[in-house]
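Working notes, beginning with the structure itself.
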Number of protein chains: 2
Amino acid sequence: MTDAHSQIRTAPTLEAVAARAAVSRATASRVLRGAANVSSRARAAVEAAAEELSYTPNRAARSLVTGRSESVAFYVDESEDRLFSDPYFLGVLRGTQTAIAQAGMQLVFTVASTPQDHERFLRYAAGRHIDGVLLLSLHGQDQLPQQLERLGVPTVLSGRPLADGSELCFVDADNTAGGAIATRHLLDIGRSVVATITGPLDMGAGQDRLAGYLDTFAERGLPVRQELVSEGTFTVSSGYDSMLRLLETEPSIDAVFAASDLTALGAMRAIEVSGRRVLDDVAVVGFDDISAAETARPALTTVRQPIAEIGAKMADLLVRRISGEEPTRQTILPVELILRDTA
Amino acid sequence: MTDAHSQIRTAPTLEAVAARAAVSRATASRVLRGAANVSSRARAAVEAAAEELSYTPNRAARSLVTGRSESVAFYVDESEDRLFSDPYFLGVLRGTQTAIAQAGMQLVFTVASTPQDHERFLRYAAGRHIDGVLLLSLHGQDQLPQQLERLGVPTVLSGRPLADGSELCFVDADNTAGGAIATRHLLDIGRSVVATITGPLDMGAGQDRLAGYLDTFAERGLPVRQELVSEGTFTVSSGYDSMLRLLETEPSIDAVFAASDLTALGAMRAIEVSGRRVLDDVAVVGFDDISAAETARPALTTVRQPIAEIGAKMADLLVRRISGEEPTRQTILPVELILRDTA
DNA sequence: ATCGTTCGTGAGAGCGCTCTCATGGGCGCC
DNA sequence: GGCGCCCATGAGAGCGCTCTCACGAACGAT
């Protein structure tokens, strides 16, 4: 199997590079990995040989001996429908992809919906196919990150985990501050009946944005009225439905803080359908600053969270943990109110 | 390194499964790979042992010997900005992800923007890190797919390649038919000055949708007026700019076929900005049927292409080619006019 | 009863790499 | 000038798996 013909199809091995550079495989390996303790003469020879043969190390072979795969999973615990319709995930994916590629690693893309997927992923991770996991959209008391960590697979979450996840590694936007900024703004422009459509309350982001809303009422000594709070799911349709219900219960609502832009967009539609006008009758503030917020008419005032940056930060944290560092485990990124036409 | 402690952290090997089942490694391997020629007794024993140890084969080791990595690249030749703002890619990714996962393979997600990325990817592919490539958004006369095939890496494109790509493997929607359906519809509802905003004309999709428009004019014996054709880039902003220009040049335009929904959305905005009303003054038909088409106001009439299905089909084709089959190389999927409020 | 055949099985090589360990040459030091 | 030390290097094992090949048992055919 070493006839001239098959050589064409066969990628050059380290052996070939070493031979061409007239050094041993070990030395060639050292050079290519960037290890110290190599003479500059040997280094130059190996680098030249590798270049000439356009050598690429065989990942599988390396992986087999190092026990590392140089790839991380991007795991979204969400139904496909949600995943592919919510720009948030895509923004995080984007930030992540760039950072991971820069580190010379692969991003293995995975979506899970069923509990079986969950189980299968755990086994997969246990098989050391990946060096780490970027976990998105964790719900409730899900123990997946804990299980992964117990397996020795470093995991970084997007979003604060609930309750017992205190020593998990995560990156999040300052959701509480964001909720407060939005609510304060609505109060500051003179609105008095300020409702909110929350995110799912089994997620940190949902809870914290609501907390910001509630805090603001407390801060100003205003009473919170339960009929002004409606739980949503971050989706357009939940925004629409919630808003319709809110307006029916309390027709005097003159402002609403929606916990996501998608929700806000749905709420805007509901406001119009109910015969009211956005801003004139009901001011709206969203959360996220997805691109649709800017192009919507009227353009949506919203709390911007640095989505791509969250992804990048997550990737960065994960890469560092994989290479043995012990970085600060939790990062909260600042948010910012973007004033447009709805509030 | 075989003390009780490290065993906890070490995934069980095939050796361990074989030992537990009291067979040789070879037999265990045969069972786990689903090969024939194994006694049912041995098969049962191995399966039980694997289950008990919750064994997962080590991909790297397998990959090293088979020369296959069980993973395929999802490669988008587009800037990140475009990629993450165009639902088309995401839809394809979605269809792809499901099908690839089903085949037990990994999806390695890659975005390329610069020519260096291109080069780097070729080397990467040459290193046999992936078994095949799903290539999206090929522009112009780019030779990447040919180069990949020459390297022996099966490649499947989304969208017809231009000119010399005749024997490449691709999946596409019936763009020409779609363009024709849209144009015919606009004519059929009584519009007489029908403009079009095309996609990029260095792509099959851009060319073919325009061809459908032109064909329809020829079919009806109508003259094509150059000032009614404006080249766009599938983006919102190009739709906006093109529409503004078209209306300035020819104020009597009463309909427009936009080669993508994003373009159509931009065009609708331009129509309103110019003081006209969508439908009443200018009817609009888009292409794609992304979710924003349905939620836009007025809701966009558009040509639906089965985006996720394109992804699934691509993955299916690729998987079959990887496993040595020689499937029909080119698939054209049907499109369908979705009537809503803009035409 | 004998032969050939088939079929299940196991031994063992080897995929391409990293890493440990032993070796030898060059250097500084007294 | 001799001793010890360090640094660059190479030999070789071995990561976990697949696959080839040879072997023996079981079977049908003559």
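Just so we're on the same page: first chain in the structure tokens is A, next is B, and so on; residues restart at 1 for each chain, and ligands are numbered from 1 in the order they show up.
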Would you write out chain A as a JSON list (two decimals) with C-alpha atoms, in the first residue's frame, after superposing it on chain B by least squares over all in-order Cα pairs?
```json
[["chain", "number", "residue", "atom", "x", "y", "z"],
["A", 1, "MET", "CA", -2.05, 4.06, 36.17],
["A", 2, "THR", "CA", -4.54, 1.31, 36.73],
["A", 3, "ASP", "CA", -5.30, 1.93, 40.37],
["A", 4, "ALA", "CA", -8.91, 1.98, 41.42],
["A", 5, "HIS", "CA", -8.93, 5.72, 41.51],
["A", 6, "SER", "CA", -8.12, 6.51, 37.95],
["A", 7, "GLN", "CA", -10.51, 3.85, 36.74],
["A", 8, "ILE", "CA", -13.37, 6.04, 37.85],
["A", 9, "ARG", "CA", -12.31, 8.76, 35.49],
["A", 10, "THR", "CA", -11.35, 6.46, 32.67],
["A", 11, "ALA", "CA", -13.97, 5.47, 30.17],
["A", 12, "PRO", "CA", -14.25, 1.71, 29.68],
["A", 13, "THR", "CA", -12.45, 0.36, 26.66],
["A", 14, "LEU", "CA", -13.41, -2.32, 24.22],
["A", 15, "GLU", "CA", -10.93, -4.54, 26.02],
["A", 16, "ALA", "CA", -12.98, -4.25, 29.21],
["A", 17, "VAL", "CA", -16.20, -5.06, 27.43],
["A", 18, "ALA", "CA", -14.61, -8.07, 25.76],
["A", 19, "ALA", "CA", -13.22, -9.34, 29.05],
["A", 20, "ARG", "CA", -16.57, -9.01, 30.77],
["A", 21, "ALA", "CA", -18.30, -10.82, 27.95],
["A", 22, "ALA", "CA", -15.56, -13.46, 27.90],
["A", 23, "VAL", "CA", -14.83, -13.01, 24.23],
["A", 24, "SER", "CA", -11.97, -11.51, 22.29],
["A", 25, "ARG", "CA", -11.64, -7.85, 21.45],
["A", 26, "ALA", "CA", -12.26, -8.74, 17.82],
["A", 27, "THR", "CA", -15.59, -10.36, 18.52],
["A", 28, "ALA", "CA", -16.68, -7.53, 20.77],
["A", 29, "SER", "CA", -15.78, -5.11, 18.02],
["A", 30, "ARG", "CA", -17.78, -7.09, 15.51],
["A", 31, "VAL", "CA", -20.86, -7.01, 17.69],
["A", 32, "LEU", "CA", -20.61, -3.32, 18.41],
["A", 33, "ARG", "CA", -20.20, -2.47, 14.78],
["A", 34, "GLY", "CA", -23.15, -4.63, 13.90],
["A", 35, "ALA", "CA", -21.15, -6.95, 11.68],
["A", 36, "ALA", "CA", -22.59, -10.29, 10.67],
["A", 37, "ASN", "CA", -20.91, -13.59, 11.44],
["A", 38, "VAL", "CA", -21.31, -13.47, 15.18],
["A", 39, "SER", "CA", -23.10, -16.15, 17.18],
["A", 40, "SER", "CA", -26.18, -14.95, 18.97],
["A", 41, "ARG", "CA", -24.65, -16.09, 22.25],
["A", 42, "ALA", "CA", -21.60, -13.90, 21.80],
["A", 43, "ARG", "CA", -23.72, -11.03, 20.57],
["A", 44, "ALA", "CA", -25.94, -11.12, 23.63],
["A", 45, "ALA", "CA", -22.99, -11.34, 26.01],
["A", 46, "VAL", "CA", -21.21, -8.39, 24.44],
["A", 47, "GLU", "CA", -24.32, -6.27, 24.31],
["A", 48, "ALA", "CA", -25.00, -6.95, 27.97],
["A", 49, "ALA", "CA", -21.42, -6.15, 28.95],
["A", 50, "ALA", "CA", -21.44, -2.92, 26.96],
["A", 51, "GLU", "CA", -24.68, -1.90, 28.57],
["A", 52, "GLU", "CA", -23.42, -2.67, 32.07],
["A", 53, "LEU", "CA", -20.26, -0.67, 31.61],
["A", 54, "SER", "CA", -22.15, 1.99, 29.65],
["A", 55, "TYR", "CA", -19.46, 1.69, 27.05],
["A", 56, "THR", "CA", -19.02, 4.30, 24.35],
["A", 57, "PRO", "CA", -16.52, 3.59, 21.61],
["A", 58, "ASN", "CA", -13.59, 5.95, 21.43],
["A", 59, "ARG", "CA", -14.10, 7.90, 18.28],
["A", 60, "ALA", "CA", -10.49, 8.92, 17.93],
["A", 61, "ALA", "CA", -9.24, 5.37, 18.02],
["A", 62, "ARG", "CA", -11.80, 4.19, 15.55],
["A", 63, "SER", "CA", -11.16, 7.15, 13.36],
["A", 64, "LEU", "CA", -7.45, 6.51, 13.38],
["A", 65, "VAL", "CA", -7.80, 3.05, 11.95],
["A", 66, "THR", "CA", -10.76, 3.50, 9.64],
["A", 67, "GLY", "CA", -9.52, 6.81, 8.34],
["A", 68, "ARG", "CA", -12.99, 8.22, 8.78],
["A", 69, "SER", "CA", -13.94, 10.80, 11.34],
["A", 70, "GLU", "CA", -17.70, 10.37, 11.44],
["A", 71, "SER", "CA", -18.11, 14.07, 11.16],
["A", 72, "VAL", "CA", -18.98, 16.44, 8.38],
["A", 73, "ALA", "CA", -18.36, 20.13, 8.04],
["A", 74, "PHE", "CA", -21.11, 22.66, 7.66],
["A", 75, "TYR", "CA", -19.22, 25.30, 5.78],
["A", 76, "VAL", "CA", -20.75, 28.65, 4.95],
["A", 77, "ASP", "CA", -18.84, 30.77, 2.51],
["A", 78, "GLU", "CA", -20.27, 34.03, 3.70],
["A", 79, "SER", "CA", -19.45, 36.77, 6.12],
["A", 80, "GLU", "CA", -20.67, 36.22, 9.65],
["A", 81, "ASP", "CA", -22.96, 39.19, 9.35],
["A", 82, "ARG", "CA", -24.82, 37.70, 6.46],
["A", 83, "LEU", "CA", -24.86, 34.24, 7.91],
["A", 84, "PHE", "CA", -26.38, 35.13, 11.19],
["A", 85, "SER", "CA", -28.96, 37.52, 9.87],
["A", 86, "ASP", "CA", -30.32, 35.36, 7.11],
["A", 87, "PRO", "CA", -32.84, 32.76, 8.22],
["A", 88, "TYR", "CA", -32.11, 30.75, 5.10],
["A", 89, "PHE", "CA", -28.82, 29.46, 6.42],
["A", 90, "LEU", "CA", -30.33, 28.70, 9.75],
["A", 91, "GLY", "CA", -33.14, 26.77, 8.17],
["A", 92, "VAL", "CA", -30.69, 24.69, 6.18],
["A", 93, "LEU", "CA", -28.56, 24.19, 9.28],
["A", 94, "ARG", "CA", -31.61, 22.97, 11.06],
["A", 95, "GLY", "CA", -32.53, 20.38, 8.47],
["A", 96, "THR", "CA", -28.94, 19.30, 8.26],
["A", 97, "GLN", "CA", -28.35, 18.96, 11.96],
["A", 98, "THR", "CA", -31.26, 16.58, 12.39],
["A", 99, "ALA", "CA", -30.28, 14.34, 9.52],
["A", 100, "ILE", "CA", -26.62, 14.21, 10.45],
["A", 101, "ALA", "CA", -27.36, 13.42, 14.08],
["A", 102, "GLN", "CA", -29.64, 10.64, 12.95],
["A", 103, "ALA", "CA", -26.80, 9.13, 10.99],
["A", 104, "GLY", "CA", -24.70, 9.14, 14.15],
["A", 105, "MET", "CA", -22.33, 11.72, 12.83],
["A", 106, "GLN", "CA", -21.13, 15.05, 14.11],
["A", 107, "LEU", "CA", -21.73, 18.40, 12.53],
["A", 108, "VAL", "CA", -18.71, 20.62, 12.65],
["A", 109, "PHE", "CA", -19.76, 24.18, 12.20],
["A", 110, "THR", "CA", -17.52, 26.50, 10.22],
["A", 111, "VAL", "CA", -17.89, 29.99, 8.84],
["A", 112, "ALA", "CA", -15.48, 31.41, 6.35],
["A", 113, "SER", "CA", -15.12, 34.92, 5.25],
["A", 114, "THR", "CA", -11.58, 35.57, 4.11],
["A", 115, "PRO", "CA", -9.63, 33.81, 1.35],
["A", 116, "GLN", "CA", -7.25, 32.61, 4.03],
["A", 117, "ASP", "CA", -10.12, 30.83, 5.73],
["A", 118, "HIS", "CA", -10.72, 29.18, 2.42],
["A", 119, "GLU", "CA", -7.14, 28.00, 2.14],
["A", 120, "ARG", "CA", -7.06, 26.86, 5.72],
["A", 121, "PHE", "CA", -10.21, 24.89, 5.25],
["A", 122, "LEU", "CA", -8.79, 23.10, 2.25],
["A", 123, "ARG", "CA", -5.80, 22.00, 4.26],
["A", 124, "TYR", "CA", -8.03, 21.01, 7.07],
["A", 125, "ALA", "CA", -10.13, 18.91, 4.75],
["A", 126, "ALA", "CA", -7.03, 17.41, 3.21],
["A", 127, "GLY", "CA", -6.02, 16.29, 6.68],
["A", 128, "ARG", "CA", -9.06, 14.00, 6.68],
["A", 129, "HIS", "CA", -10.58, 15.54, 9.72],
["A", 130, "ILE", "CA", -13.96, 15.36, 8.13],
["A", 131, "ASP", "CA", -15.63, 12.83, 5.89],
["A", 132, "GLY", "CA", -17.54, 15.31, 3.81],
["A", 133, "VAL", "CA", -18.60, 18.88, 3.40],
["A", 134, "LEU", "CA", -21.92, 20.64, 3.22],
["A", 135, "LEU", "CA", -21.17, 23.82, 1.37],
["A", 136, "LEU", "CA", -23.48, 26.81, 1.50],
["A", 137, "SER", "CA", -23.64, 29.99, -0.43],
["A", 138, "LEU", "CA", -21.11, 29.38, -3.12],
["A", 139, "HIS", "CA", -20.27, 32.50, -5.06],
["A", 140, "GLY", "CA", -19.21, 33.00, -8.62],
["A", 141, "GLN", "CA", -16.76, 30.57, -10.10],
["A", 142, "ASP", "CA", -15.34, 29.51, -6.79],
["A", 143, "GLN", "CA", -13.46, 26.24, -7.27],
["A", 144, "LEU", "CA", -13.68, 25.09, -3.67],
["A", 145, "PRO", "CA", -16.05, 22.19, -4.30],
["A", 146, "GLN", "CA", -13.97, 20.95, -7.19],
["A", 147, "GLN", "CA", -10.85, 21.16, -5.07],
["A", 148, "LEU", "CA", -12.51, 19.28, -2.26],
["A", 149, "GLU", "CA", -13.72, 16.55, -4.56],
["A", 150, "ARG", "CA", -10.27, 16.25, -6.06],
["A", 151, "LEU", "CA", -8.99, 15.71, -2.54],
["A", 152, "GLY", "CA", -11.45, 12.88, -2.25],
["A", 153, "VAL", "CA", -13.75, 14.74, 0.13],
["A", 154, "PRO", "CA", -17.36, 14.36, -0.96],
["A", 155, "THR", "CA", -19.11, 17.70, -1.10],
["A", 156, "VAL", "CA", -22.74, 18.65, -1.39],
["A", 157, "LEU", "CA", -23.80, 22.18, -2.26],
["A", 158, "SER", "CA", -26.92, 24.09, -1.46],
["A", 159, "GLY", "CA", -27.83, 25.74, -4.68],
["A", 160, "ARG", "CA", -26.85, 25.13, -8.24],
["A", 161, "PRO", "CA", -23.23, 26.03, -8.92],
["A", 162, "LEU", "CA", -22.47, 28.17, -11.91],
["A", 163, "ALA", "CA", -21.26, 27.04, -15.31],
["A", 164, "ASP", "CA", -18.55, 24.43, -14.90],
["A", 165, "GLY", "CA", -20.00, 22.75, -11.86],
["A", 166, "SER", "CA", -22.09, 20.43, -13.93],
["A", 167, "GLU", "CA", -21.16, 17.19, -12.22],
["A", 168, "LEU", "CA", -21.10, 18.56, -8.71],
["A", 169, "CYS", "CA", -23.59, 17.29, -6.19],
["A", 170, "PHE", "CA", -26.21, 19.77, -5.09],
["A", 171, "VAL", "CA", -29.69, 20.32, -3.75],
["A", 172, "ASP", "CA", -31.71, 23.33, -4.74],
["A", 173, "ALA", "CA", -35.18, 24.70, -4.88],
["A", 174, "ASP", "CA", -36.78, 25.20, -8.25],
["A", 175, "ASN", "CA", -35.74, 28.82, -8.46],
["A", 176, "THR", "CA", -36.66, 29.37, -12.07],
["A", 177, "ALA", "CA", -40.15, 28.02, -11.53],
["A", 178, "GLY", "CA", -40.43, 30.13, -8.37],
["A", 179, "GLY", "CA", -39.50, 33.31, -10.18],
["A", 180, "ALA", "CA", -42.01, 32.51, -12.88],
["A", 181, "ILE", "CA", -44.82, 31.72, -10.43],
["A", 182, "ALA", "CA", -44.29, 34.99, -8.62],
["A", 183, "THR", "CA", -44.17, 37.05, -11.78],
["A", 184, "ARG", "CA", -47.16, 35.34, -13.31],
["A", 185, "HIS", "CA", -49.15, 35.96, -10.17],
["A", 186, "LEU", "CA", -48.39, 39.67, -10.24],
["A", 187, "LEU", "CA", -49.39, 39.85, -13.87],
["A", 188, "ASP", "CA", -52.50, 37.78, -13.21],
["A", 189, "ILE", "CA", -53.79, 40.13, -10.54],
["A", 190, "GLY", "CA", -53.69, 42.85, -13.13],
["A", 191, "ARG", "CA", -50.41, 44.59, -12.48],
["A", 192, "SER", "CA", -48.73, 45.99, -15.52],
["A", 193, "VAL", "CA", -45.45, 47.56, -14.43],
["A", 194, "VAL", "CA", -43.77, 44.67, -12.65],
["A", 195, "ALA", "CA", -40.25, 45.29, -11.40],
["A", 196, "THR", "CA", -37.83, 42.84, -9.81],
["A", 197, "ILE", "CA", -35.06, 43.11, -7.28],
["A", 198, "THR", "CA", -32.75, 40.19, -7.94],
["A", 199, "GLY", "CA", -30.37, 38.28, -5.75],
["A", 200, "PRO", "CA", -26.63, 38.43, -6.33],
["A", 201, "LEU", "CA", -26.13, 37.46, -9.96],
["A", 202, "ASP", "CA", -22.95, 35.57, -9.15],
["A", 203, "MET", "CA", -25.08, 32.85, -7.62],
["A", 204, "GLY", "CA", -27.35, 30.29, -9.20],
["A", 205, "ALA", "CA", -30.27, 31.30, -7.01],
["A", 206, "GLY", "CA", -29.92, 34.91, -8.09],
["A", 207, "GLN", "CA", -29.68, 34.06, -11.76],
["A", 208, "ASP", "CA", -32.46, 31.50, -11.81],
["A", 209, "ARG", "CA", -35.06, 33.59, -10.02],
["A", 210, "LEU", "CA", -34.38, 36.35, -12.48],
["A", 211, "ALA", "CA", -34.63, 33.85, -15.31],
["A", 212, "GLY", "CA", -38.11, 32.92, -14.09],
["A", 213, "TYR", "CA", -39.08, 36.57, -14.20],
["A", 214, "LEU", "CA", -37.69, 37.03, -17.69],
["A", 215, "ASP", "CA", -39.20, 33.78, -18.95],
["A", 216, "THR", "CA", -42.63, 34.91, -17.88],
["A", 217, "PHE", "CA", -42.33, 38.13, -19.87],
["A", 218, "ALA", "CA", -41.20, 36.17, -22.89],
["A", 219, "GLU", "CA", -43.99, 33.67, -22.42],
["A", 220, "ARG", "CA", -46.58, 36.43, -22.49],
["A", 221, "GLY", "CA", -44.92, 38.28, -25.29],
["A", 222, "LEU", "CA", -44.19, 41.24, -23.07],
["A", 223, "PRO", "CA", -41.04, 43.33, -23.48],
["A", 224, "VAL", "CA", -38.55, 43.36, -20.60],
["A", 225, "ARG", "CA", -37.54, 46.83, -19.50],
["A", 226, "GLN", "CA", -34.06, 47.07, -18.06],
["A", 227, "GLU", "CA", -35.02, 49.91, -15.76],
["A", 228, "LEU", "CA", -37.38, 47.55, -13.95],
["A", 229, "VAL", "CA", -34.57, 45.17, -12.96],
["A", 230, "SER", "CA", -32.31, 46.03, -10.05],
["A", 231, "GLU", "CA", -29.60, 43.77, -8.69],
["A", 232, "GLY", "CA", -29.69, 43.16, -4.92],
["A", 233, "THR", "CA", -27.90, 40.95, -2.46],
["A", 234, "PHE", "CA", -30.74, 39.13, -0.69],
["A", 235, "THR", "CA", -30.48, 41.55, 2.24],
["A", 236, "VAL", "CA", -33.02, 43.92, 3.76],
["A", 237, "SER", "CA", -30.96, 46.97, 3.02],
["A", 238, "SER", "CA", -30.41, 46.05, -0.62],
["A", 239, "GLY", "CA", -34.16, 45.65, -0.95],
["A", 240, "TYR", "CA", -34.73, 49.06, 0.53],
["A", 241, "ASP", "CA", -32.16, 50.81, -1.60],
["A", 242, "SER", "CA", -33.14, 49.06, -4.81],
["A", 243, "MET", "CA", -36.82, 49.80, -4.36],
["A", 244, "LEU", "CA", -36.20, 53.45, -3.70],
["A", 245, "ARG", "CA", -34.12, 53.66, -6.86],
["A", 246, "LEU", "CA", -36.64, 51.75, -8.94],
["A", 247, "LEU", "CA", -39.50, 54.00, -7.87],
["A", 248, "GLU", "CA", -37.50, 57.06, -8.63],
["A", 249, "THR", "CA", -36.64, 55.86, -12.11],
["A", 250, "GLU", "CA", -40.11, 54.56, -12.87],
["A", 251, "PRO", "CA", -42.80, 55.96, -10.57],
["A", 252, "SER", "CA", -45.54, 53.94, -12.23],
["A", 253, "ILE", "CA", -44.30, 50.62, -10.88],
["A", 254, "ASP", "CA", -47.27, 48.78, -9.42],
["A", 255, "ALA", "CA", -45.65, 45.47, -8.48],
["A", 256, "VAL", "CA", -42.32, 44.05, -7.53],
["A", 257, "PHE", "CA", -40.93, 40.55, -7.28],
["A", 258, "ALA", "CA", -38.16, 40.49, -4.67],
["A", 259, "ALA", "CA", -35.80, 37.53, -4.91],
["A", 260, "SER", "CA", -35.78, 36.99, -1.15],
["A", 261, "ASP", "CA", -38.11, 37.75, 1.73],
["A", 262, "LEU", "CA", -35.52, 39.91, 3.40],
["A", 263, "THR", "CA", -35.28, 41.94, 0.22],
["A", 264, "ALA", "CA", -39.06, 42.12, 0.05],
["A", 265, "LEU", "CA", -39.24, 43.42, 3.60],
["A", 266, "GLY", "CA", -36.76, 46.14, 2.75],
["A", 267, "ALA", "CA", -38.70, 46.96, -0.40],
["A", 268, "MET", "CA", -41.95, 47.26, 1.56],
["A", 269, "ARG", "CA", -40.33, 49.75, 3.85],
["A", 270, "ALA", "CA", -39.11, 51.76, 0.86],
["A", 271, "ILE", "CA", -42.54, 51.71, -0.72],
["A", 272, "GLU", "CA", -44.01, 53.22, 2.46],
["A", 273, "VAL", "CA", -41.23, 55.72, 2.80],
["A", 274, "SER", "CA", -41.89, 56.88, -0.77],
["A", 275, "GLY", "CA", -45.44, 57.69, 0.30],
["A", 276, "ARG", "CA", -47.03, 54.72, -1.40],
["A", 277, "ARG", "CA", -48.95, 51.86, 0.08],
["A", 278, "VAL", "CA", -48.05, 48.21, -0.22],
["A", 279, "LEU", "CA", -50.60, 46.28, -2.26],
["A", 280, "ASP", "CA", -52.84, 49.30, -2.93],
["A", 281, "ASP", "CA", -50.07, 51.01, -4.88],
["A", 282, "VAL", "CA", -47.37, 48.38, -5.22],
["A", 283, "ALA", "CA", -47.92, 44.66, -4.85],
["A", 284, "VAL", "CA", -44.99, 42.65, -3.46],
["A", 285, "VAL", "CA", -44.02, 39.01, -3.75],
["A", 286, "GLY", "CA", -40.99, 37.66, -1.91],
["A", 287, "PHE", "CA", -39.12, 34.38, -1.98],
["A", 288, "ASP", "CA", -38.24, 31.90, 0.79],
["A", 289, "ASP", "CA", -41.15, 32.11, 3.22],
["A", 290, "ILE", "CA", -39.09, 32.81, 6.29],
["A", 291, "SER", "CA", -41.05, 33.28, 9.49],
["A", 292, "ALA", "CA", -40.83, 37.07, 9.27],
["A", 293, "ALA", "CA", -42.88, 36.89, 6.06],
["A", 294, "GLU", "CA", -45.86, 35.67, 8.01],
["A", 295, "THR", "CA", -45.52, 38.10, 10.89],
["A", 296, "ALA", "CA", -44.79, 41.15, 8.78],
["A", 297, "ARG", "CA", -47.58, 43.70, 8.38],
["A", 298, "PRO", "CA", -48.99, 43.43, 5.83],
["A", 299, "ALA", "CA", -48.14, 39.74, 5.74],
["A", 300, "LEU", "CA", -45.92, 38.96, 2.81],
["A", 301, "THR", "CA", -47.06, 36.93, -0.17],
["A", 302, "THR", "CA", -44.10, 34.80, -1.11],
["A", 303, "VAL", "CA", -42.73, 31.77, -2.88],
["A", 304, "ARG", "CA", -42.01, 29.11, -0.30],
["A", 305, "GLN", "CA", -38.99, 26.96, -0.73],
["A", 306, "PRO", "CA", -38.62, 23.99, 1.61],
["A", 307, "ILE", "CA", -35.57, 25.25, 3.43],
["A", 308, "ALA", "CA", -35.18, 22.67, 6.15],
["A", 309, "GLU", "CA", -35.86, 19.98, 3.62],
["A", 310, "ILE", "CA", -33.03, 21.24, 1.48],
["A", 311, "GLY", "CA", -30.74, 20.82, 4.48],
["A", 312, "ALA", "CA", -32.05, 17.37, 5.22],
["A", 313, "LYS", "CA", -31.67, 16.30, 1.61],
["A", 314, "MET", "CA", -28.14, 17.63, 1.50],
["A", 315, "ALA", "CA", -27.20, 15.70, 4.61],
["A", 316, "ASP", "CA", -28.84, 12.59, 3.25],
["A", 317, "LEU", "CA", -26.98, 12.84, -0.04],
["A", 318, "LEU", "CA", -23.69, 13.43, 1.73],
["A", 319, "VAL", "CA", -24.09, 10.54, 4.14],
["A", 320, "ARG", "CA", -24.87, 8.22, 1.28],
["A", 321, "ARG", "CA", -21.92, 9.38, -0.73],
["A", 322, "ILE", "CA", -19.66, 8.92, 2.27],
["A", 323, "SER", "CA", -20.80, 5.37, 2.71],
["A", 324, "GLY", "CA", -19.88, 4.67, -0.88],
["A", 325, "GLU", "CA", -23.22, 4.87, -2.61],
["A", 326, "GLU", "CA", -23.58, 6.72, -5.86],
["A", 327, "PRO", "CA", -26.90, 8.51, -5.46],
["A", 328, "THR", "CA", -28.46, 10.83, -7.99],
["A", 329, "ARG", "CA", -26.29, 13.85, -7.65],
["A", 330, "GLN", "CA", -28.73, 16.63, -8.16],
["A", 331, "THR", "CA", -32.05, 17.28, -6.56],
["A", 332, "ILE", "CA", -34.44, 20.09, -7.32],
["A", 333, "LEU", "CA", -37.22, 20.58, -4.79],
["A", 334, "PRO", "CA", -40.54, 22.15, -5.72],
["A", 335, "VAL", "CA", -41.63, 25.60, -4.58],
["A", 336, "GLU", "CA", -45.08, 26.92, -3.83],
["A", 337, "LEU", "CA", -46.77, 30.31, -3.86],
["A", 338, "ILE", "CA", -48.05, 31.36, -0.45],
["A", 339, "LEU", "CA", -50.79, 33.97, -0.78],
["A", 340, "ARG", "CA", -50.95, 36.54, 1.98],
["A", 341, "ASP", "CA", -51.66, 40.25, 1.97],
["A", 342, "THR", "CA", -49.11, 41.92, -0.27],
["A", 343, "ALA", "CA", -50.15, 40.51, -3.63]]
```
Next on the checklist: Quick check for you: according to DSSP on this backbone, which residues of segment 139-281 of chain B are classed as strand (DSSP E)? Reply as a VMD selection string.
Outcome noted: chain B and resid 155 to 158 169 to 173 194 to 198 229 to 231 255 to 258
Can you work out which residues from chain C touch chain A at a cut-off of 10 Å (counting only C-alpha atoms (C1' of nucleotides)) and hand them back as an mmCIF file with C-alpha atoms (C1' of nucleotides), in the first residue's frame?
```
data_model
loop_
_atom_site.group_PDB
_atom_site.id
_atom_site.type_symbol
_atom_site.label_atom_id
_atom_site.label_comp_id
_atom_site.auth_asym_id
_atom_site.auth_seq_id
_atom_site.Cartn_x
_atom_site.Cartn_y
_atom_site.Cartn_z
ATOM 1 C "C1'" DC C 15 -3.277 3.355 12.228
ATOM 2 C "C1'" DG C 16 -0.255 8.394 13.435
ATOM 3 C "C1'" DC C 17 0.770 10.475 17.035
ATOM 4 C "C1'" DT C 18 2.769 11.884 22.002
ATOM 5 C "C1'" DC C 19 5.564 11.116 25.802
#
```
Find the nearest atom pair between each residue of chain D and chain B for residues within 12 Å, count only C-alpha atoms (C1' of nucleotides), give distances in Å to one decimal, sort rows by chain and ascending number, and present the table as a tab-separated table.
```
residue	atom	partner	partner_atom	distance
D:DC15	C1'	B:Ala61	CA	7.9
D:DG16	C1'	B:Ala61	CA	5.0
D:DC17	C1'	B:Ala61	CA	4.8
D:DT18	C1'	B:Val65	CA	6.0
D:DC19	C1'	B:Ala26	CA	8.9
D:DT20	C1'	B:Ala26	CA	11.2
```
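Of the listed residues (D:DC21, D:DA8, D:DA29, D:DC3), D:DC21 comes nearest to DA11 of chain C; the distances count only C-alpha atoms (C1' of nucleotides).
One distance worth recording is that between atom C1' of DT20 of chain C and atom C1' of DG4 of chain D, which is 23.4 Å.
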Item to check | Which of segment 99-303 of chain A DSSP labels helix (DSSP H, G or I), written as a PyMOL selection string | outcome: chain A and resi 99-102+115-126+144-150+175-188+204-219+226-228+236-249+261-273+291-295
